[in-house]
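run.cif follows; it contains mmCIF, C-alpha atoms.
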data_final
#
loop_
_atom_site.label_atom_id
_atom_site.label_comp_id
_atom_site.auth_asym_id
_atom_site.auth_seq_id
_atom_site.Cartn_x
_atom_site.Cartn_y
_atom_site.Cartn_z
CA MET A 1 -37.50 9.00 0.38
CA MET A 2 -38.68 7.39 -2.84
CA ILE A 3 -39.95 9.24 -5.90
CA TRP A 4 -41.57 7.05 -8.53
CA ARG A 5 -42.41 7.84 -12.13
CA ASP A 6 -43.67 5.96 -15.15
CA GLY A 7 -41.94 6.70 -18.43
CA VAL A 8 -41.39 5.65 -22.03
CA VAL A 9 -37.97 5.01 -23.56
CA ARG A 10 -37.36 7.56 -26.33
CA GLY A 11 -33.72 6.82 -27.07
CA VAL A 12 -30.63 4.81 -26.15
CA ARG A 13 -27.71 7.09 -25.28
CA ALA A 14 -24.93 4.58 -24.56
CA SER A 15 -24.24 1.09 -23.26
CA TRP A 16 -21.35 -0.62 -21.50
CA ASP A 17 -20.81 -3.76 -19.43
CA GLY A 18 -24.13 -4.51 -17.74
CA ALA A 19 -25.71 -1.06 -18.18
CA VAL A 20 -27.70 0.96 -20.70
CA GLU A 21 -28.14 4.74 -20.53
CA LEU A 22 -31.49 5.97 -21.84
CA ASP A 23 -33.57 9.01 -22.64
CA VAL A 24 -36.94 8.49 -20.95
CA GLU A 25 -39.99 10.69 -21.30
CA ILE A 26 -41.89 11.05 -18.04
CA ALA A 27 -45.43 9.79 -18.60
CA GLY A 28 -46.99 10.85 -15.35
CA GLY A 29 -46.26 12.53 -12.06
CA GLY A 30 -46.04 15.95 -10.52
CA ALA A 31 -45.78 19.33 -12.17
CA GLU A 32 -42.48 20.46 -10.66
CA PRO A 33 -39.15 20.18 -12.54
CA PRO A 34 -37.11 18.16 -13.20
CA LEU A 35 -39.78 15.44 -13.24
CA PRO A 36 -43.03 16.85 -14.71
CA ALA A 37 -45.02 14.83 -17.20
CA GLY A 38 -43.54 15.25 -20.65
CA ALA A 39 -40.00 15.97 -19.48
CA THR A 40 -37.17 13.84 -20.84
CA VAL A 41 -34.67 12.57 -18.27
CA ARG A 42 -31.50 10.53 -18.33
CA ALA A 43 -32.09 7.04 -16.97
CA LEU A 44 -29.96 3.97 -16.33
CA ALA A 45 -30.97 0.31 -16.58
CA TYR A 46 -28.97 -2.68 -15.35
CA VAL A 47 -29.72 -5.31 -17.96
CA HIS A 48 -28.90 -8.26 -15.68
CA LEU A 49 -31.56 -7.09 -13.23
CA VAL A 50 -34.38 -5.67 -15.36
CA GLY A 51 -33.69 -6.78 -18.94
CA GLU A 52 -32.62 -4.67 -21.90
CA PRO A 53 -34.92 -1.73 -22.67
CA ALA A 54 -35.77 -0.77 -26.23
CA VAL A 55 -37.22 2.43 -27.68
CA GLY A 56 -40.94 2.51 -26.97
CA ASP A 57 -40.77 0.33 -23.84
CA ARG A 58 -42.69 1.49 -20.80
CA VAL A 59 -40.47 1.70 -17.71
CA THR A 60 -40.91 2.25 -14.00
CA LEU A 61 -38.38 4.69 -12.58
CA SER A 62 -36.97 5.48 -9.16
CA ALA A 63 -36.00 9.14 -9.41
CA ALA A 64 -35.19 10.48 -5.94
CA ALA A 65 -31.48 11.09 -6.64
CA LEU A 66 -32.30 12.89 -9.88
CA ALA A 67 -34.91 15.04 -8.17
CA ARG A 68 -32.35 16.07 -5.54
CA GLY A 69 -29.79 16.98 -8.21
CA LEU A 70 -27.12 14.58 -6.97
CA GLY A 71 -23.97 14.29 -9.06
CA THR A 72 -22.74 10.72 -9.39
CA GLY A 73 -26.12 9.21 -8.64
CA GLY A 74 -28.15 11.72 -10.61
CA TYR A 75 -29.92 9.27 -12.84
CA ALA A 76 -33.48 8.05 -12.86
CA MET A 77 -33.01 4.33 -12.23
CA VAL A 78 -35.04 1.78 -14.16
CA VAL A 79 -36.71 -0.50 -11.64
CA ALA A 80 -38.71 -2.61 -14.11
CA LEU A 81 -39.97 -3.00 -17.64
CA PRO A 82 -43.51 -3.90 -16.57
CA ASP A 83 -44.67 -5.00 -20.03
CA ARG A 84 -41.60 -7.12 -20.81
CA LEU A 85 -40.06 -8.79 -17.81
CA PRO A 86 -36.73 -10.57 -18.37
CA ALA A 87 -36.69 -14.35 -18.63
CA ASP A 88 -35.78 -16.37 -15.56
CA PRO A 89 -32.08 -17.26 -15.51
CA PRO A 90 -31.17 -20.92 -16.04
CA PRO A 91 -30.71 -22.98 -12.87
CA GLY A 92 -27.18 -22.71 -11.54
CA PRO A 93 -25.00 -22.69 -8.44
CA GLY A 94 -24.70 -19.81 -6.04
CA HIS A 95 -26.61 -18.67 -2.98
CA LEU A 96 -25.03 -15.31 -2.09
CA VAL A 97 -27.73 -12.68 -2.00
CA LYS A 98 -26.47 -9.12 -2.46
CA ALA A 99 -28.35 -5.86 -2.04
CA ARG A 100 -30.10 -8.13 0.44
CA TYR A 101 -33.79 -7.66 1.18
CA THR A 102 -34.19 -4.82 -1.28
CA PRO A 103 -36.63 -5.16 -4.20
CA LEU A 104 -33.72 -5.70 -6.61
CA GLN A 105 -31.70 -8.13 -4.51
CA THR A 106 -29.64 -10.42 -6.71
CA MET A 107 -28.33 -13.94 -6.17
CA VAL A 108 -24.77 -14.66 -7.27
CA LEU A 109 -22.16 -17.38 -7.05
CA GLY A 110 -19.57 -16.32 -4.50
CA VAL A 111 -15.97 -17.23 -5.19
CA ASP A 112 -15.72 -18.29 -1.55
CA GLU A 113 -18.93 -20.32 -1.18
CA GLN A 114 -19.22 -24.09 -1.17
CA GLU A 115 -20.53 -24.39 -4.73
CA SER A 116 -17.62 -22.45 -6.19
CA GLU A 117 -14.81 -24.24 -8.00
CA HIS A 118 -12.46 -22.01 -6.01
CA HIS A 119 -13.84 -22.92 -2.60
CA GLU A 120 -11.02 -25.32 -1.76
CA ILE A 121 -8.36 -22.76 -2.70
CA LEU A 122 -9.95 -20.22 -0.38
CA ARG A 123 -11.26 -22.46 2.39
CA GLU A 124 -8.13 -22.21 4.52
CA ALA A 125 -6.43 -19.36 2.66
CA ASP A 126 -4.96 -16.82 5.04
CA ASP A 127 -1.96 -15.15 3.41
CA LEU A 128 -1.44 -12.64 0.60
CA GLY A 129 2.28 -13.34 0.63
CA GLY A 130 3.26 -9.68 0.68
CA THR A 131 1.06 -8.64 -2.25
CA PRO A 132 0.87 -4.84 -2.44
CA VAL A 133 -2.66 -3.56 -1.73
CA VAL A 134 -3.32 0.03 -2.79
CA VAL A 135 -6.14 1.65 -0.81
CA ALA A 136 -7.95 4.68 -2.23
CA ASP A 137 -10.90 6.71 -0.99
CA LEU A 138 -12.55 7.60 -4.31
CA HIS A 139 -13.39 5.39 -7.28
CA SER A 140 -11.95 8.10 -9.52
CA ALA A 141 -8.47 7.29 -8.18
CA LEU A 142 -8.50 3.84 -9.83
CA PRO A 143 -7.32 4.78 -13.35
CA ALA A 144 -4.67 7.13 -11.94
CA VAL A 145 -3.30 4.41 -9.65
CA LEU A 146 -3.14 2.06 -12.63
CA ALA A 147 -1.39 4.68 -14.74
CA GLY A 148 1.33 4.95 -12.11
CA LEU A 149 1.65 1.17 -11.84
CA ARG A 150 2.12 0.86 -15.56
CA THR A 151 5.10 3.21 -15.56
CA VAL A 152 6.89 0.55 -13.49
CA ASP A 153 5.78 -2.50 -15.46
CA PRO A 154 2.75 -2.64 -17.76
CA ALA A 155 2.79 -6.44 -17.50
CA LEU A 156 1.83 -6.41 -13.81
CA ARG A 157 -1.48 -8.17 -13.21
CA VAL A 158 -3.78 -5.85 -11.28
CA ALA A 159 -7.14 -6.70 -9.72
CA TYR A 160 -9.70 -4.17 -8.54
CA VAL A 161 -11.51 -5.01 -5.32
CA MET A 162 -14.68 -2.92 -5.14
CA THR A 163 -16.18 -2.28 -1.72
CA ASP A 164 -19.78 -1.28 -1.08
CA GLY A 165 -19.45 2.30 0.19
CA GLY A 166 -20.65 3.76 -3.12
CA ALA A 167 -22.54 2.16 -6.01
CA LEU A 168 -23.46 -1.44 -5.31
CA PRO A 169 -23.54 -2.64 -8.95
CA ALA A 170 -20.09 -2.59 -10.57
CA TRP A 171 -22.02 -2.08 -13.83
CA PHE A 172 -22.55 1.56 -12.86
CA SER A 173 -18.89 2.30 -13.52
CA ARG A 174 -17.98 3.30 -17.06
CA THR A 175 -14.44 3.66 -15.74
CA LEU A 176 -14.29 -0.02 -14.84
CA ALA A 177 -15.69 -1.06 -18.21
CA GLY A 178 -13.15 1.12 -20.03
CA LEU A 179 -10.19 -0.10 -18.00
CA ARG A 180 -11.14 -3.69 -18.70
CA ALA A 181 -11.54 -2.99 -22.40
CA GLY A 182 -8.15 -1.26 -22.43
CA GLY A 183 -6.42 -4.25 -20.87
CA TRP A 184 -5.43 -2.36 -17.72
CA LEU A 185 -7.12 -4.79 -15.31
CA ALA A 186 -6.83 -8.57 -14.89
CA GLY A 187 -10.26 -8.62 -13.27
CA SER A 188 -12.48 -7.28 -10.52
CA VAL A 189 -13.94 -8.62 -7.28
CA THR A 190 -17.07 -7.12 -5.73
CA VAL A 191 -17.29 -7.57 -1.96
CA GLY A 192 -19.84 -7.03 0.78
CA GLN A 193 -23.14 -5.85 -0.70
CA ALA A 194 -21.47 -4.81 -3.98
CA PHE A 195 -22.01 -7.07 -6.99
CA GLY A 196 -21.34 -7.39 -10.69
CA GLY A 197 -17.58 -8.00 -10.67
CA ASP A 198 -15.80 -10.85 -12.40
CA LEU A 199 -15.81 -12.53 -9.00
CA GLU A 200 -18.13 -12.08 -6.04
CA ALA A 201 -16.98 -12.36 -2.42
CA VAL A 202 -18.63 -12.12 0.97
CA THR A 203 -16.02 -9.91 2.61
CA LEU A 204 -13.06 -7.72 1.73
CA HIS A 205 -10.79 -10.37 3.22
CA THR A 206 -11.91 -13.13 0.85
CA GLY A 207 -12.04 -10.58 -1.96
CA LEU A 208 -8.36 -9.79 -1.45
CA LEU A 209 -7.46 -13.47 -1.24
CA ALA A 210 -9.42 -14.17 -4.41
CA ALA A 211 -7.65 -11.31 -6.19
CA ARG A 212 -4.32 -12.94 -5.39
CA LEU A 213 -5.09 -16.66 -5.51
CA VAL A 214 -7.79 -16.82 -8.21
CA LEU A 215 -7.06 -13.85 -10.47
CA GLY A 216 -3.31 -14.14 -9.94
CA ALA A 217 -2.93 -10.45 -9.19
CA ASP A 218 0.51 -8.98 -8.52
CA VAL A 219 -1.20 -5.90 -7.07
CA ALA A 220 -4.71 -5.31 -5.70
CA VAL A 221 -6.43 -1.92 -5.67
CA VAL A 222 -9.21 -1.43 -3.11
CA ALA A 223 -11.72 1.40 -3.52
CA GLN A 224 -15.46 1.92 -3.26
CA GLY A 225 -17.61 2.12 -6.35
CA PRO A 226 -18.71 5.49 -7.75
CA GLY A 227 -20.77 7.67 -5.45
CA ASN A 228 -18.72 8.50 -2.36
CA LEU A 229 -20.98 9.59 0.50
CA GLY A 230 -20.03 12.43 2.82
CA THR A 231 -21.89 14.59 5.31
CA GLY A 232 -19.35 17.25 6.26
CA THR A 233 -18.86 15.63 9.67
CA ARG A 234 -15.74 14.06 11.15
CA TRP A 235 -17.01 10.48 10.88
CA GLY A 236 -19.97 10.56 8.49
CA PHE A 237 -18.36 9.50 5.22
CA SER A 238 -17.98 6.21 3.41
CA GLY A 239 -14.21 6.62 3.07
CA THR A 240 -13.62 5.45 6.64
CA ALA A 241 -13.50 2.03 4.98
CA CYS A 242 -9.98 2.91 3.77
CA GLY A 243 -8.71 2.42 7.30
CA GLU A 244 -10.45 -0.93 7.55
CA ALA A 245 -8.90 -1.96 4.23
CA VAL A 246 -5.43 -1.23 5.61
CA ASN A 247 -6.26 -3.41 8.61
CA ALA A 248 -7.47 -6.23 6.36
CA ALA A 249 -4.39 -6.09 4.17
CA VAL A 250 -2.06 -6.31 7.17
CA THR A 251 -4.10 -9.08 8.78
CA LEU A 252 -3.70 -11.15 5.62
CA GLY A 253 0.02 -10.54 5.20
CA GLY A 254 -0.28 -7.99 2.40
CA ALA A 255 1.66 -4.77 1.96
CA PRO A 256 -0.80 -1.87 2.30
CA VAL A 257 -0.12 1.25 0.25
CA ALA A 258 -2.23 4.23 1.31
CA SER A 259 -3.17 6.55 -1.54
CA LEU A 260 -3.93 10.05 -0.33
CA ARG A 261 -7.00 11.95 -1.45
CA VAL A 262 -5.49 15.28 -2.44
CA SER A 263 -6.98 18.35 -4.09
CA GLY A 264 -5.74 21.76 -5.09
CA ALA A 265 -9.10 22.85 -6.48
CA ASP A 266 -11.83 21.70 -4.10
CA PRO A 267 -13.67 24.76 -2.77
CA ARG A 268 -14.20 23.07 0.61
CA GLU A 269 -11.37 23.73 3.03
CA ARG A 270 -11.66 20.27 4.61
CA HIS A 271 -10.69 18.70 1.29
CA ARG A 272 -7.85 21.07 0.33
CA GLY A 273 -4.40 19.52 0.42
CA ILE A 274 -5.01 16.11 1.97
CA SER A 275 -8.72 15.55 2.52
CA HIS A 276 -9.89 15.02 6.06
CA HIS A 277 -11.25 11.71 4.75
CA SER A 278 -7.71 10.38 4.29
CA LEU A 279 -6.43 11.93 7.52
CA THR A 280 -9.24 10.37 9.54
CA ALA A 281 -9.27 6.97 7.83
CA TYR A 282 -5.53 6.44 8.00
CA GLY A 283 -4.92 8.40 11.18
CA ARG A 284 -7.79 7.10 13.30
CA VAL A 285 -9.36 4.00 11.74
CA ALA A 286 -6.26 2.15 10.53
CA LEU A 287 -4.73 0.27 13.47
CA ALA A 288 -1.77 -1.15 11.53
CA PRO A 289 0.98 0.67 9.63
CA ALA A 290 0.90 1.29 5.89
CA ASP A 291 3.15 2.99 3.39
CA VAL A 292 1.57 6.43 2.91
CA VAL A 293 2.73 7.75 -0.45
CA VAL A 294 3.23 11.52 -0.48
CA PRO A 295 3.51 13.25 -3.87
CA ARG A 296 6.34 15.66 -4.58
CA PHE A 297 5.04 17.95 -7.29
CA ASP A 298 8.21 18.53 -9.27
CA ALA A 299 7.98 21.05 -12.08
CA GLY A 300 8.61 19.71 -15.54
CA SER A 301 5.31 19.48 -17.31
CA ALA A 302 2.37 21.77 -17.91
CA LEU A 303 0.30 19.49 -15.68
CA GLU A 304 2.65 19.74 -12.72
CA ASP A 305 3.05 23.47 -13.26
CA ALA A 306 -0.74 23.75 -12.87
CA VAL A 307 -0.56 22.48 -9.28
CA PRO A 308 -1.23 25.50 -7.02
CA ALA A 309 1.82 27.06 -5.42
CA GLY A 310 2.36 25.89 -1.86
CA LEU A 311 0.13 22.82 -2.19
CA GLY A 312 3.06 20.41 -1.97
CA ASP A 313 4.24 21.98 1.30
CA ARG A 314 0.75 21.78 2.73
CA VAL A 315 0.43 18.11 1.74
CA ARG A 316 3.79 17.24 3.35
CA GLU A 317 2.83 19.02 6.57
CA GLN A 318 -0.51 17.21 6.74
CA ALA A 319 1.04 13.84 5.91
CA ALA A 320 3.59 14.26 8.70
CA THR A 321 0.77 13.83 11.23
CA LEU A 322 0.33 10.24 10.03
CA ALA A 323 3.91 9.23 10.90
CA ALA A 324 5.86 9.11 14.16
CA PRO A 325 5.73 10.53 16.73
CA THR A 326 1.95 11.08 16.44
CA GLY A 327 1.09 8.39 13.88
CA ILE A 328 1.98 4.81 12.98
CA HIS A 329 2.56 4.95 9.24
CA ARG A 330 5.65 5.09 7.05
CA LEU A 331 5.81 8.09 4.72
CA VAL A 332 7.16 7.47 1.22
CA GLU A 333 7.75 10.67 -0.76
CA LEU A 334 7.83 10.19 -4.52
CA SER A 335 8.30 12.61 -7.38
CA THR A 336 5.49 13.07 -9.86
CA ALA A 337 7.99 13.50 -12.70
CA GLY A 338 6.90 11.66 -15.85
CA LEU A 339 3.41 10.91 -14.61
CA ALA A 340 1.69 13.55 -16.74
CA GLU A 341 2.28 11.42 -19.83
CA ALA A 342 1.12 8.26 -18.06
CA LEU A 343 -2.13 9.90 -16.94
CA ALA A 344 -2.76 11.30 -20.41
CA ALA A 345 -2.57 7.74 -21.76
CA SER A 346 -5.50 6.54 -19.65
CA PRO A 347 -8.11 4.67 -21.71
CA VAL A 348 -10.86 6.36 -19.69
CA ARG A 349 -11.61 9.99 -18.93
CA LEU A 350 -10.12 11.15 -15.66
CA SER A 351 -12.63 12.97 -13.47
CA THR A 352 -12.97 13.45 -9.74
CA MET A 353 -15.76 15.38 -8.04
CA GLY A 354 -16.65 16.84 -11.44
CA ARG A 355 -13.10 18.07 -12.13
CA GLY A 356 -10.85 16.73 -14.86
CA LEU A 357 -7.10 16.28 -15.07
CA GLU A 358 -6.41 19.88 -16.04
CA GLN A 359 -8.76 21.32 -13.38
CA ASP A 360 -7.30 19.34 -10.44
CA PRO A 361 -4.02 17.68 -11.47
CA ALA A 362 -2.89 17.15 -7.89
CA ALA A 363 -5.70 14.65 -7.27
CA PHE A 364 -4.56 12.34 -10.04
CA LEU A 365 -0.83 12.80 -9.52
CA ALA A 366 -1.23 11.84 -5.84
CA ALA A 367 -3.05 8.64 -6.80
CA ALA A 368 -0.53 7.85 -9.50
CA VAL A 369 2.49 7.98 -7.17
CA ALA A 370 0.77 5.39 -4.96
CA GLY A 371 0.61 3.17 -8.03
CA VAL A 372 4.30 3.74 -8.73
CA HIS A 373 5.21 2.67 -5.20
CA ALA A 374 3.00 -0.42 -5.34
CA GLY A 375 4.53 -1.39 -8.68
CA ARG A 376 8.01 -1.15 -7.23
CA LEU A 377 7.02 -3.28 -4.23
CA ALA A 378 5.57 -5.90 -6.59
CA ARG A 379 8.86 -6.04 -8.46
CA VAL A 380 11.05 -6.57 -5.35
#

Structure encoded using structure tokens:
Amino acid sequence: MMIWRDGVVRGVRASWDGAVELDVEIAGGGAEPPLPAGATVRALAYVHLVGEPAVGDRVTLSAAALARGLGTGGYAMVVALPDRLPADPPPGPGHLVKARYTPLQTMVLGVDEQESEHHEILREADDLGGTPVVVADLHSALPAVLAGLRTVDPALRVAYVMTDGGALPAWFSRTLAGLRAGGWLAGSVTVGQAFGGDLEAVTLHTGLLAARLVLGADVAVVAQGPGNLGTGTRWGFSGTACGEAVNAAVTLGGAPVASLRVSGADPRERHRGISHHSLTAYGRVALAPADVVVPRFDAGSALEDAVPAGLGDRVREQAATLAAPTGIHRLVELSTAGLAEALAASPVRLSTMGRGLEQDPAAFLAAAVAGVHAGRLARV
């Protein structure tokens, strides 16, 4: 379903790497909210695709996600500035087409393709040499994982490998822009149909190899971009890719670290304790063993005290199904002690499914302990 609107830019709300957030007045369309003529909506433009809008510019919007009231994707997206198209880019190398065969497909230089200066490094590359690879379901886990890593050694070089289960443009993520600005990331690699990272790769496998061999990462973190997709069914969610990421890490000689998606505040039973996304991805899709890091919510801070009573026991019981005799993974139980301060130091706002650190501390503490474990593995 596509819903189109014309509009006029009335204000610039914010900008970050590759993106501009706008106030746009709807110039024509239906009479029903939230998109009647005269309404002002929040819109997002990717400057590398459509150019940089200015106040007064006429824009063409795709507004289906906004009309449906979606959370992460609830913007009107700027498809074009019809009166002021961007200039053609200068001729250059690169023939990877991402978001292929869509109206806004983009051509990039892949780190692994023949025209890349890194092609020879990657042409026969086949080994991560034991590099820890943290796998997380939600994009919101990324800053929490990094916070945990930094309690071990803030000098560790960490690369983010963004898969294509959520947003395709890395520019959508304010989190990524803030982590880069704060010096918490050595770089990013966008893989599959995702694009906009410091490096582009065809597959997760070459993305992981590029993280290690090109960016020099001590640790890689794999997660989809913002906008996790779920349908309330056993298999219909984009997080199944976590299991495939474990498989890729093992295939390449990495050390997979499975971060659990945990919640003490989600109103949906299937996501309370350990989400069924993690249990299915690691329990059914992953065919090789990983270190599954299980948080122990030790009292000691206001944040840990806010974790609901009994949640830790529930998480341990659920995690046990992933280890022998019914599962293949190794459980690593780690205390959350001291992580409240690390999470509070994040250069970006922590938010998952619309809930912040104080509303759902277990979600961020569970991701952070995975970072702690990966940091320790990197220091062995």

**OP:** Give me, please, the distance in Å between atom CA of Gly69 of chain A and atom CA of Thr190 of chain A, quoted to one decimal.
**Re:** 27.4 Å

**OP:** Select all residues near (-34.5, -5.8, -15.5) (cut-off 12 Å, inclusive, file coordinates), counting all atoms listed in the file, and output them as a ChimeraX atom specification.
**Re:** /A:18-20,44-54,59-61,77-89,103-106

**OP:** Using the chain letters and numbering of this document, enumerate as a VMD selection string the residues selected by the PyMOL selection byres ((chain A and resi 67) around 10).
**Re:** chain A and resid 3 32 to 35 62 to 66 68 to 70 74 to 76

All residues 12 Å or closer to Glu120 of chain A, all atoms listed in the file, same chain fewer than 5 positions away omitted, as a PDB file with C-alpha atoms, keeping the file's coordinate frame:
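See result-v5.pdb below for the written result:
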ATOM      1  CA  VAL A 111     -15.970 -17.230  -5.190  1.00  0.00           C
ATOM      2  CA  ASP A 112     -15.720 -18.290  -1.550  1.00  0.00           C
ATOM      3  CA  GLU A 113     -18.930 -20.320  -1.180  1.00  0.00           C
ATOM      4  CA  GLN A 114     -19.220 -24.090  -1.170  1.00  0.00           C
ATOM      5  CA  GLU A 115     -20.530 -24.390  -4.730  1.00  0.00           C
ATOM      6  CA  ALA A 125      -6.430 -19.360   2.660  1.00  0.00           C
ATOM      7  CA  ALA A 210      -9.420 -14.170  -4.410  1.00  0.00           C
ATOM      8  CA  LEU A 213      -5.090 -16.660  -5.510  1.00  0.00           C
ATOM      9  CA  VAL A 214      -7.790 -16.820  -8.210  1.00  0.00           C
TER      10      VAL A 214
END

**OP:** Using the chain letters and numbering of this document, enumerate as a list in words the residues selected by the PyMOL selection byres ((chain A and resi 157) around 6).
**Re:**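 Taken on the displayed file, the PyMOL selection byres ((chain A and resi 157) around 6) yields the residues Leu156, Val158, Ala186, Ala217 and Asp218 of chain A.
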
Per residue of segment 59-172 of chain A within 9 Å of segment 336-349 of chain A, note the shortest atom pair and the distance in Å to one decimal, counting all atoms listed in the file, and order the rows by chain and increasing residue number, as a tab-separated table.
residue	atom	partner	partner_atom	distance
A:Pro143	CA	A:Ser346	CA	6.8
A:Ala144	CA	A:Leu343	CA	6.3
A:Leu146	CA	A:Ser346	CA	8.7
A:Ala147	CA	A:Ala342	CA	5.5
A:Gly148	CA	A:Leu339	CA	6.8
A:Arg150	CA	A:Ala342	CA	7.9
A:Thr151	CA	A:Ala342	CA	6.9

Original post:
Do you know which residues are at most 7 Å from Val41 of chain A counting all atoms listed in the file, after dropping those on the same chain fewer than 2 positions away, and could you put them as a PyMOL selection string?
Top reply: chain A and resi 23-25+39+43

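Atom CA of Trp171 of chain A sits 20.0 Å away from atom CA of Val9 of chain A.
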
Can I get segment 41-47 of chain A with all heavy atoms filled in, as a PDB file, in the coordinates of the input?
ATOM      1  N   VAL A  41     -35.737  12.682 -19.276  1.00  0.00           N
ATOM      2  CA  VAL A  41     -34.670  12.570 -18.270  1.00  0.00           C
ATOM      3  C   VAL A  41     -33.696  11.482 -18.693  1.00  0.00           C
ATOM      4  O   VAL A  41     -34.006  10.607 -19.505  1.00  0.00           O
ATOM      5  CB  VAL A  41     -35.251  12.245 -16.881  1.00  0.00           C
ATOM      6  CG1 VAL A  41     -36.199  13.333 -16.414  1.00  0.00           C
ATOM      7  CG2 VAL A  41     -35.946  10.881 -16.870  1.00  0.00           C
ATOM      8  N   ARG A  42     -32.520  11.552 -18.110  1.00  0.00           N
ATOM      9  CA  ARG A  42     -31.500  10.530 -18.330  1.00  0.00           C
ATOM     10  C   ARG A  42     -31.747   9.410 -17.333  1.00  0.00           C
ATOM     11  O   ARG A  42     -31.877   9.650 -16.124  1.00  0.00           O
ATOM     12  CB  ARG A  42     -30.120  11.147 -18.119  1.00  0.00           C
ATOM     13  CG  ARG A  42     -28.965  10.276 -18.556  1.00  0.00           C
ATOM     14  CD  ARG A  42     -27.656  11.027 -18.431  1.00  0.00           C
ATOM     15  NE  ARG A  42     -27.405  11.480 -17.075  1.00  0.00           N
ATOM     16  CZ  ARG A  42     -26.185  11.598 -16.542  1.00  0.00           C
ATOM     17  NH1 ARG A  42     -25.117  11.307 -17.245  1.00  0.00           N
ATOM     18  NH2 ARG A  42     -26.041  12.033 -15.299  1.00  0.00           N
ATOM     19  N   ALA A  43     -31.789   8.188 -17.826  1.00  0.00           N
ATOM     20  CA  ALA A  43     -32.090   7.040 -16.970  1.00  0.00           C
ATOM     21  C   ALA A  43     -31.063   5.938 -17.218  1.00  0.00           C
ATOM     22  O   ALA A  43     -30.425   5.872 -18.273  1.00  0.00           O
ATOM     23  CB  ALA A  43     -33.493   6.511 -17.243  1.00  0.00           C
ATOM     24  N   LEU A  44     -30.922   5.066 -16.234  1.00  0.00           N
ATOM     25  CA  LEU A  44     -29.960   3.970 -16.330  1.00  0.00           C
ATOM     26  C   LEU A  44     -30.659   2.662 -15.987  1.00  0.00           C
ATOM     27  O   LEU A  44     -31.402   2.580 -15.005  1.00  0.00           O
ATOM     28  CB  LEU A  44     -28.807   4.199 -15.353  1.00  0.00           C
ATOM     29  CG  LEU A  44     -27.561   3.340 -15.572  1.00  0.00           C
ATOM     30  CD1 LEU A  44     -26.855   3.739 -16.867  1.00  0.00           C
ATOM     31  CD2 LEU A  44     -26.600   3.471 -14.392  1.00  0.00           C
ATOM     32  N   ALA A  45     -30.401   1.647 -16.810  1.00  0.00           N
ATOM     33  CA  ALA A  45     -30.970   0.310 -16.580  1.00  0.00           C
ATOM     34  C   ALA A  45     -29.824  -0.694 -16.468  1.00  0.00           C
ATOM     35  O   ALA A  45     -28.885  -0.667 -17.261  1.00  0.00           O
ATOM     36  CB  ALA A  45     -31.887  -0.087 -17.732  1.00  0.00           C
ATOM     37  N   TYR A  46     -29.909  -1.569 -15.480  1.00  0.00           N
ATOM     38  CA  TYR A  46     -28.970  -2.680 -15.350  1.00  0.00           C
ATOM     39  C   TYR A  46     -29.613  -3.900 -16.010  1.00  0.00           C
ATOM     40  O   TYR A  46     -30.595  -4.456 -15.496  1.00  0.00           O
ATOM     41  CB  TYR A  46     -28.669  -2.961 -13.889  1.00  0.00           C
ATOM     42  CG  TYR A  46     -27.995  -1.798 -13.182  1.00  0.00           C
ATOM     43  CD1 TYR A  46     -28.532  -1.279 -12.011  1.00  0.00           C
ATOM     44  CD2 TYR A  46     -26.834  -1.228 -13.687  1.00  0.00           C
ATOM     45  CE1 TYR A  46     -27.916  -0.221 -11.358  1.00  0.00           C
ATOM     46  CE2 TYR A  46     -26.215  -0.171 -13.043  1.00  0.00           C
ATOM     47  CZ  TYR A  46     -26.761   0.327 -11.884  1.00  0.00           C
ATOM     48  OH  TYR A  46     -26.156   1.382 -11.241  1.00  0.00           O
ATOM     49  N   VAL A  47     -29.041  -4.311 -17.131  1.00  0.00           N
ATOM     50  CA  VAL A  47     -29.720  -5.310 -17.960  1.00  0.00           C
ATOM     51  C   VAL A  47     -29.804  -6.660 -17.267  1.00  0.00           C
ATOM     52  O   VAL A  47     -30.722  -7.443 -17.544  1.00  0.00           O
ATOM     53  CB  VAL A  47     -29.031  -5.430 -19.330  1.00  0.00           C
ATOM     54  CG1 VAL A  47     -29.128  -4.120 -20.094  1.00  0.00           C
ATOM     55  CG2 VAL A  47     -27.575  -5.863 -19.193  1.00  0.00           C
TER      56      VAL A  47
END
